[in-house]
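Shown here: work.pdb, PDB, C-alpha atoms and all ligand atoms.
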ATOM      1  CA  MET A   1      20.855  22.390  14.504  1.00  0.00           C
ATOM      2  CA  TYR A   2      21.240  18.613  14.079  1.00  0.00           C
ATOM      3  CA  SER A   3      24.398  16.889  12.912  1.00  0.00           C
ATOM      4  CA  THR A   4      22.819  13.521  12.044  1.00  0.00           C
ATOM      5  CA  ILE A   5      19.187  12.931  11.138  1.00  0.00           C
ATOM      6  CA  LEU A   6      17.283   9.716  10.489  1.00  0.00           C
ATOM      7  CA  VAL A   7      14.280  10.138   8.186  1.00  0.00           C
ATOM      8  CA  ALA A   8      11.698   7.359   8.368  1.00  0.00           C
ATOM      9  CA  VAL A   9       9.466   7.007   5.339  1.00  0.00           C
ATOM     10  CA  ASP A  10       6.510   4.672   4.890  1.00  0.00           C
ATOM     11  CA  LEU A  11       6.714   5.297   1.111  1.00  0.00           C
ATOM     12  CA  SER A  12       3.212   6.804   1.074  1.00  0.00           C
ATOM     13  CA  LYS A  13       2.479   9.996  -0.896  1.00  0.00           C
ATOM     14  CA  ASP A  14       3.303  12.084   2.195  1.00  0.00           C
ATOM     15  CA  SER A  15       6.890  10.826   2.359  1.00  0.00           C
ATOM     16  CA  GLN A  16       8.160  13.758   0.286  1.00  0.00           C
ATOM     17  CA  LYS A  17       6.762  16.201   2.838  1.00  0.00           C
ATOM     18  CA  VAL A  18       8.599  14.358   5.623  1.00  0.00           C
ATOM     19  CA  ILE A  19      11.831  14.359   3.574  1.00  0.00           C
ATOM     20  CA  ASP A  20      11.481  18.086   2.819  1.00  0.00           C
ATOM     21  CA  LYS A  21      11.246  18.884   6.528  1.00  0.00           C
ATOM     22  CA  ALA A  22      14.292  16.739   7.265  1.00  0.00           C
ATOM     23  CA  LEU A  23      16.208  18.591   4.554  1.00  0.00           C
ATOM     24  CA  ALA A  24      15.183  21.901   6.092  1.00  0.00           C
ATOM     25  CA  ALA A  25      16.336  20.696   9.539  1.00  0.00           C
ATOM     26  CA  ALA A  26      19.660  19.670   7.953  1.00  0.00           C
ATOM     27  CA  LYS A  27      19.867  23.083   6.255  1.00  0.00           C
ATOM     28  CA  GLY A  28      19.943  21.344   2.872  1.00  0.00           C
ATOM     29  CA  ASP A  29      23.074  19.353   3.724  1.00  0.00           C
ATOM     30  CA  THR A  30      22.217  15.753   2.827  1.00  0.00           C
ATOM     31  CA  SER A  31      25.590  14.388   3.941  1.00  0.00           C
ATOM     32  CA  ASN A  32      24.290  13.683   7.445  1.00  0.00           C
ATOM     33  CA  ILE A  33      20.892  12.321   6.513  1.00  0.00           C
ATOM     34  CA  HIS A  34      20.006   8.645   6.847  1.00  0.00           C
ATOM     35  CA  LEU A  35      16.877   7.220   5.264  1.00  0.00           C
ATOM     36  CA  VAL A  36      14.969   4.186   6.540  1.00  0.00           C
ATOM     37  CA  HIS A  37      11.970   2.119   5.551  1.00  0.00           C
ATOM     38  CA  VAL A  38      10.851  -0.895   7.548  1.00  0.00           C
ATOM     39  CA  VAL A  39       9.118  -3.713   5.707  1.00  0.00           C
ATOM     40  CA  GLU A  40       6.616  -5.343   8.006  1.00  0.00           C
ATOM     41  CA  PRO A  41       6.693  -9.154   8.130  1.00  0.00           C
ATOM     42  CA  VAL A  42       4.011 -10.941   6.155  1.00  0.00           C
ATOM     43  CA  ALA A  43       1.828 -12.633   8.789  1.00  0.00           C
ATOM     44  CA  ALA A  44       3.578 -15.829   9.845  1.00  0.00           C
ATOM     45  CA  ALA A  45       0.275 -17.348  10.936  1.00  0.00           C
ATOM     46  CA  TYR A  46      -1.024 -17.367   7.370  1.00  0.00           C
ATOM     47  CA  SER A  47      -1.424 -20.977   6.366  1.00  0.00           C
ATOM     48  CA  MET A  48       0.861 -21.711   3.443  1.00  0.00           C
ATOM     49  CA  ASP A  49      -0.285 -25.314   3.139  1.00  0.00           C
ATOM     50  CA  ILE A  50      -3.969 -24.540   2.783  1.00  0.00           C
ATOM     51  CA  TYR A  51      -3.686 -21.591   0.421  1.00  0.00           C
ATOM     52  CA  ALA A  52      -0.518 -22.665  -1.393  1.00  0.00           C
ATOM     53  CA  VAL A  53       1.001 -19.235  -0.914  1.00  0.00           C
ATOM     54  CA  ASN A  54       4.743 -18.772  -0.767  1.00  0.00           C
ATOM     55  CA  ILE A  55       5.132 -16.305   2.081  1.00  0.00           C
ATOM     56  CA  ASN A  56       8.901 -16.056   1.614  1.00  0.00           C
ATOM     57  CA  GLU A  57       8.463 -15.025  -2.002  1.00  0.00           C
ATOM     58  CA  ILE A  58       5.910 -12.330  -1.114  1.00  0.00           C
ATOM     59  CA  GLN A  59       8.174 -11.096   1.686  1.00  0.00           C
ATOM     60  CA  GLN A  60      11.194 -10.930  -0.602  1.00  0.00           C
ATOM     61  CA  GLU A  61       9.155  -9.110  -3.245  1.00  0.00           C
ATOM     62  CA  ALA A  62       8.126  -6.491  -0.686  1.00  0.00           C
ATOM     63  CA  ILE A  63      11.754  -6.022   0.394  1.00  0.00           C
ATOM     64  CA  THR A  64      12.948  -5.695  -3.221  1.00  0.00           C
ATOM     65  CA  MET A  65      10.247  -3.130  -4.005  1.00  0.00           C
ATOM     66  CA  ALA A  66      11.062  -1.120  -0.885  1.00  0.00           C
ATOM     67  CA  GLU A  67      14.787  -1.196  -1.704  1.00  0.00           C
ATOM     68  CA  GLN A  68      14.064   0.045  -5.221  1.00  0.00           C
ATOM     69  CA  LYS A  69      11.861   2.901  -4.001  1.00  0.00           C
ATOM     70  CA  LEU A  70      14.390   3.951  -1.354  1.00  0.00           C
ATOM     71  CA  LYS A  71      17.140   3.844  -3.976  1.00  0.00           C
ATOM     72  CA  GLU A  72      15.168   6.220  -6.209  1.00  0.00           C
ATOM     73  CA  ILE A  73      14.687   8.662  -3.314  1.00  0.00           C
ATOM     74  CA  ALA A  74      18.359   8.356  -2.335  1.00  0.00           C
ATOM     75  CA  GLN A  75      19.514   9.078  -5.892  1.00  0.00           C
ATOM     76  CA  ARG A  76      17.317  12.169  -6.026  1.00  0.00           C
ATOM     77  CA  LEU A  77      18.797  13.405  -2.737  1.00  0.00           C
ATOM     78  CA  ASN A  78      22.332  12.332  -3.601  1.00  0.00           C
ATOM     79  CA  LEU A  79      22.511  10.135  -0.516  1.00  0.00           C
ATOM     80  CA  ASP A  80      25.343   7.735   0.126  1.00  0.00           C
ATOM     81  CA  GLU A  81      24.166   4.073  -0.256  1.00  0.00           C
ATOM     82  CA  ALA A  82      25.465   3.283   3.219  1.00  0.00           C
ATOM     83  CA  LYS A  83      22.950   5.758   4.631  1.00  0.00           C
ATOM     84  CA  VAL A  84      19.942   4.036   3.117  1.00  0.00           C
ATOM     85  CA  HIS A  85      18.417   1.317   5.291  1.00  0.00           C
ATOM     86  CA  THR A  86      15.753  -1.230   4.405  1.00  0.00           C
ATOM     87  CA  LEU A  87      14.843  -3.225   7.501  1.00  0.00           C
ATOM     88  CA  LEU A  88      12.416  -6.020   8.290  1.00  0.00           C
ATOM     89  CA  GLY A  89      10.327  -5.933  11.458  1.00  0.00           C
ATOM     90  CA  ALA A  90       8.061  -3.658  13.484  1.00  0.00           C
ATOM     91  CA  PRO A  91       8.597  -0.011  12.378  1.00  0.00           C
ATOM     92  CA  GLY A  92       8.661   1.620  15.856  1.00  0.00           C
ATOM     93  CA  PRO A  93      11.327  -0.548  17.511  1.00  0.00           C
ATOM     94  CA  GLU A  94      13.366  -0.981  14.311  1.00  0.00           C
ATOM     95  CA  ILE A  95      13.566   2.783  13.696  1.00  0.00           C
ATOM     96  CA  ARG A  96      14.410   3.447  17.351  1.00  0.00           C
ATOM     97  CA  ASN A  97      17.165   0.793  17.410  1.00  0.00           C
ATOM     98  CA  LEU A  98      18.670   2.063  14.165  1.00  0.00           C
ATOM     99  CA  ALA A  99      18.655   5.635  15.506  1.00  0.00           C
ATOM    100  CA  THR A 100      20.580   4.464  18.593  1.00  0.00           C
ATOM    101  CA  GLU A 101      22.981   2.359  16.516  1.00  0.00           C
ATOM    102  CA  ILE A 102      23.846   5.288  14.209  1.00  0.00           C
ATOM    103  CA  GLY A 103      23.765   7.778  17.088  1.00  0.00           C
ATOM    104  CA  VAL A 104      21.498  10.312  15.397  1.00  0.00           C
ATOM    105  CA  ASP A 105      20.414  13.592  17.028  1.00  0.00           C
ATOM    106  CA  ALA A 106      16.935  13.493  15.567  1.00  0.00           C
ATOM    107  CA  ILE A 107      14.409  11.202  13.933  1.00  0.00           C
ATOM    108  CA  VAL A 108      12.011  12.809  11.448  1.00  0.00           C
ATOM    109  CA  ILE A 109       8.673  11.073  10.817  1.00  0.00           C
ATOM    110  CA  GLY A 110       5.192  11.928   9.608  1.00  0.00           C
ATOM    111  CA  SER A 111       2.413  12.549  12.122  1.00  0.00           C
ATOM    112  CA  HIS A 112       0.329   9.989  10.240  1.00  0.00           C
ATOM    113  CA  GLY A 113       0.921   7.384   7.613  1.00  0.00           C
ATOM    114  CA  HIS A 114      -0.714   4.292   6.212  1.00  0.00           C
ATOM    115  CA  SER A 115      -2.356   3.541   9.557  1.00  0.00           C
ATOM    116  CA  GLY A 116      -4.613   6.568   8.992  1.00  0.00           C
ATOM    117  CA  TRP A 117      -6.302   9.291  11.001  1.00  0.00           C
ATOM    118  CA  LYS A 118      -8.154   7.337  13.651  1.00  0.00           C
ATOM    119  CA  ILE A 119      -5.909   8.697  16.408  1.00  0.00           C
ATOM    120  CA  LEU A 120      -4.298  12.036  17.194  1.00  0.00           C
ATOM    121  CA  LEU A 121      -0.810  10.820  16.273  1.00  0.00           C
ATOM    122  CA  GLY A 122       0.081   7.826  14.114  1.00  0.00           C
ATOM    123  CA  SER A 123       1.034   4.648  15.940  1.00  0.00           C
ATOM    124  CA  THR A 124       4.663   4.799  14.796  1.00  0.00           C
ATOM    125  CA  ALA A 125       5.008   8.380  16.032  1.00  0.00           C
ATOM    126  CA  ILE A 126       3.628   7.412  19.439  1.00  0.00           C
ATOM    127  CA  LYS A 127       5.909   4.380  19.708  1.00  0.00           C
ATOM    128  CA  LEU A 128       8.949   6.478  18.819  1.00  0.00           C
ATOM    129  CA  LEU A 129       8.101   9.297  21.192  1.00  0.00           C
ATOM    130  CA  HIS A 130       8.088   6.723  23.990  1.00  0.00           C
ATOM    131  CA  GLY A 131      11.637   5.622  24.465  1.00  0.00           C
ATOM    132  CA  ALA A 132      13.653   7.356  21.737  1.00  0.00           C
ATOM    133  CA  ASP A 133      16.921   8.713  23.101  1.00  0.00           C
ATOM    134  CA  CYS A 134      17.025  11.670  20.693  1.00  0.00           C
ATOM    135  CA  ASP A 135      14.644  14.354  19.424  1.00  0.00           C
ATOM    136  CA  VAL A 136      11.675  13.115  17.415  1.00  0.00           C
ATOM    137  CA  LEU A 137      10.374  15.630  14.884  1.00  0.00           C
ATOM    138  CA  THR A 138       6.850  14.792  13.732  1.00  0.00           C
ATOM    139  CA  VAL A 139       5.884  16.453  10.478  1.00  0.00           C
ATOM    140  CA  HIS A 140       2.220  17.314  10.191  1.00  0.00           C
ATOM    141  CA  VAL A 141       0.816  15.584   7.137  1.00  0.00           C
ATOM    142  CA  GLY A 142      -2.541  16.622   5.771  1.00  0.00           C
ATOM    143  CA  LYS A 143      -5.750  14.660   5.275  1.00  0.00           C
ATOM    144  CA  GLU A 144      -6.090  15.324   1.554  1.00  0.00           C
TER
HETATM  145  P1  LIG B   1       1.792   5.689  10.959  1.00  0.00           P
HETATM  146  O1  LIG B   1       2.256   5.122  12.227  1.00  0.00           O
HETATM  147  O2  LIG B   1       1.470   4.614   9.936  1.00  0.00           O
HETATM  148  O3  LIG B   1       0.654   6.660  11.131  1.00  0.00           O
HETATM  149  O4  LIG B   1       3.001   6.476  10.293  1.00  0.00           O
HETATM  150  C1  LIG B   1       3.502   7.692  10.811  1.00  0.00           C
HETATM  151  C2  LIG B   1       4.879   7.938  10.255  1.00  0.00           C
HETATM  152  O5  LIG B   1       5.767   6.922  10.753  1.00  0.00           O
HETATM  153  C3  LIG B   1       5.017   7.874   8.740  1.00  0.00           C
HETATM  154  O6  LIG B   1       4.706   9.121   8.133  1.00  0.00           O
HETATM  155  C4  LIG B   1       6.498   7.538   8.587  1.00  0.00           C
HETATM  156  O7  LIG B   1       7.302   8.697   8.777  1.00  0.00           O
HETATM  157  C5  LIG B   1       6.725   6.598   9.770  1.00  0.00           C
HETATM  158  N1  LIG B   1       6.514   5.189   9.369  1.00  0.00           N
HETATM  159  C6  LIG B   1       5.376   4.464   9.453  1.00  0.00           C
HETATM  160  N2  LIG B   1       5.552   3.221   8.983  1.00  0.00           N
HETATM  161  C7  LIG B   1       6.850   3.160   8.580  1.00  0.00           C
HETATM  162  C8  LIG B   1       7.655   2.137   8.004  1.00  0.00           C
HETATM  163  N3  LIG B   1       7.171   0.933   7.742  1.00  0.00           N
HETATM  164  N4  LIG B   1       8.951   2.409   7.740  1.00  0.00           N
HETATM  165  C9  LIG B   1       9.463   3.647   8.017  1.00  0.00           C
HETATM  166  N5  LIG B   1       8.748   4.640   8.554  1.00  0.00           N
HETATM  167  C10 LIG B   1       7.466   4.412   8.833  1.00  0.00           C
END
Show the structure stored in the file as structure tokens.
Amino acid sequence: MYSTILVAVDLSKDSQKVIDKALAAAKGDTSNIHLVHVVEPVAAAYSMDIYAVNINEIQQEAITMAEQKLKEIAQRLNLDEAKVHTLLGAPGPEIRNLATEIGVDAIVIGSHGHSGWKILLGSTAIKLLHGADCDVLTVHVGKE
């Protein structure tokens, strides 16, 4: 059905469910699956001088951890390294831009993630549905 799929994972416990649906949409063929996680910037407004916190170090640590977790998922799925993307920025726009850059047919995301159940659809899902130039498959993830 789709020749190239971008799977966006927030690395929460529901990520496997999102990946499973992407695999089903790809009919088990992982050769055309791309995986992305976007690390959100540590608040720039946080005062480093007052609290003696090294924001760059924390940011780099978050990126390294995300890269490691994505690598583990990619190894399990047998994904090519070039198809695994760790980005820095706002998840919605970064995922959308990457999807356009690769030229995917579909983006697969969870209906909800870390931002919780306060709204009908998660904020990333809503942002992607507005303005994506390909199909956006939202996988229902449970409240448990
Ligand atoms: P949320 O907007 O937090 O409710 O998340 C909904 C879905 O968007 C998640 O299940 C993921 O598929 C995707 N998503 C959210 N945050 C990220 C992120 N930082 N990187 C990649 N995908 C994300």
**OP:** Quick one: pull the distance between CA of Cys134 (chain A) and CA of Glu72 (chain A), Å, one decimal.
**Re:**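 Result for CA of Cys134 (chain A) versus CA of Glu72 (chain A): 27.5 Å, one decimal.
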Given only C-alpha atoms and all ligand atoms, how would the per-residue table for chain A near ligand LIG 1 (chain B) read, listing every residue at most 6 Å away with its closest atom pair and distance in Å to one decimal, sorted by chain and number, as a tab-separated table?
residue	atom	partner	partner_atom	distance
A:Ala8	CA	B:LIG1	N5	4.0
A:Val9	CA	B:LIG1	N5	4.1
A:Asp10	CA	B:LIG1	C7	4.0
A:Val36	CA	B:LIG1	C9	5.7
A:His37	CA	B:LIG1	N4	3.7
A:Val38	CA	B:LIG1	N4	3.8
A:Val39	CA	B:LIG1	N3	5.4
A:Pro91	CA	B:LIG1	N3	4.9
A:Ile109	CA	B:LIG1	O7	3.4
A:Gly110	CA	B:LIG1	O6	3.2
A:Ser111	CA	B:LIG1	C1	5.1
A:His112	CA	B:LIG1	O3	3.5
A:Gly113	CA	B:LIG1	O4	3.5
A:His114	CA	B:LIG1	O2	4.3
A:Ser115	CA	B:LIG1	O2	4.0
A:Gly116	CA	B:LIG1	O3	5.7
A:Gly122	CA	B:LIG1	O3	3.3
A:Ser123	CA	B:LIG1	O1	3.9
A:Thr124	CA	B:LIG1	O1	3.5
A:Ala125	CA	B:LIG1	C1	5.5
Original post:
Could you spell out the hits of the PyMOL selection byres (((chain A and resi 5) around 10) and not hetatm) on the shown file, as an MDAnalysis selection string?
Top reply: chainID A and resid 2:4 6:8 22:23 25:26 30:35 99 102:108 134:137
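The shortest atom-to-atom distance to Asp133 (chain A), with only C-alpha atoms taken into account, belongs to A:Glu101 out of A:Glu40, A:Asp20, A:Glu101, A:Glu57.
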**OP:** Might you spell out which residues the PyMOL selection byres (((chain A and resi 59-69) around 8) and not hetatm) would select in the displayed file, as a list in words?
**Re:** Leu11, His37, Val39, Pro41, Val42, Ile55, Asn56, Glu57, Ile58, Leu70, Lys71, Glu72, Ile73, Thr86 and Leu88 of chain A
**OP:** For CA of Gly92 (chain A) and CA of Lys127 (chain A), quote the distance in Å rounded to one decimal.
**Re:**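 Between these atoms lies a distance of 5.5 Å.
You will find CA of Lys21 (chain A) at 7.1 Å from CA of Val139 (chain A).
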Taking all atoms of region 66-71 of chain A that the file lists, what box with edges along x, y and z, padded by 6 Å per side, do you get, with centre and edge lengths in Å to one decimal, as AutoDock Vina command-line options?
--center_x 14.1 --center_y 1.4 --center_z -3.1 --size_x 18.1 --size_y 17.1 --size_z 16.3
Original post:
Quick one: of A:Leu98, A:Ile19, A:Pro93, A:Asp14, who's nearest to Ala74 (chain A), counting all atoms listed in the file?
Top reply: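 Among A:Leu98, A:Ile19, A:Pro93, A:Asp14, it is A:Ile19 that comes nearest to Ala74 (chain A).
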Original post:
Between A:Lys83, A:Lys17, A:Arg96, A:Lys27, which has the minimum distance to Ile126 (chain A) (counting only C-alpha atoms)?
Top reply: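 Of all the options, A:Arg96 lies closest to Ile126 (chain A).
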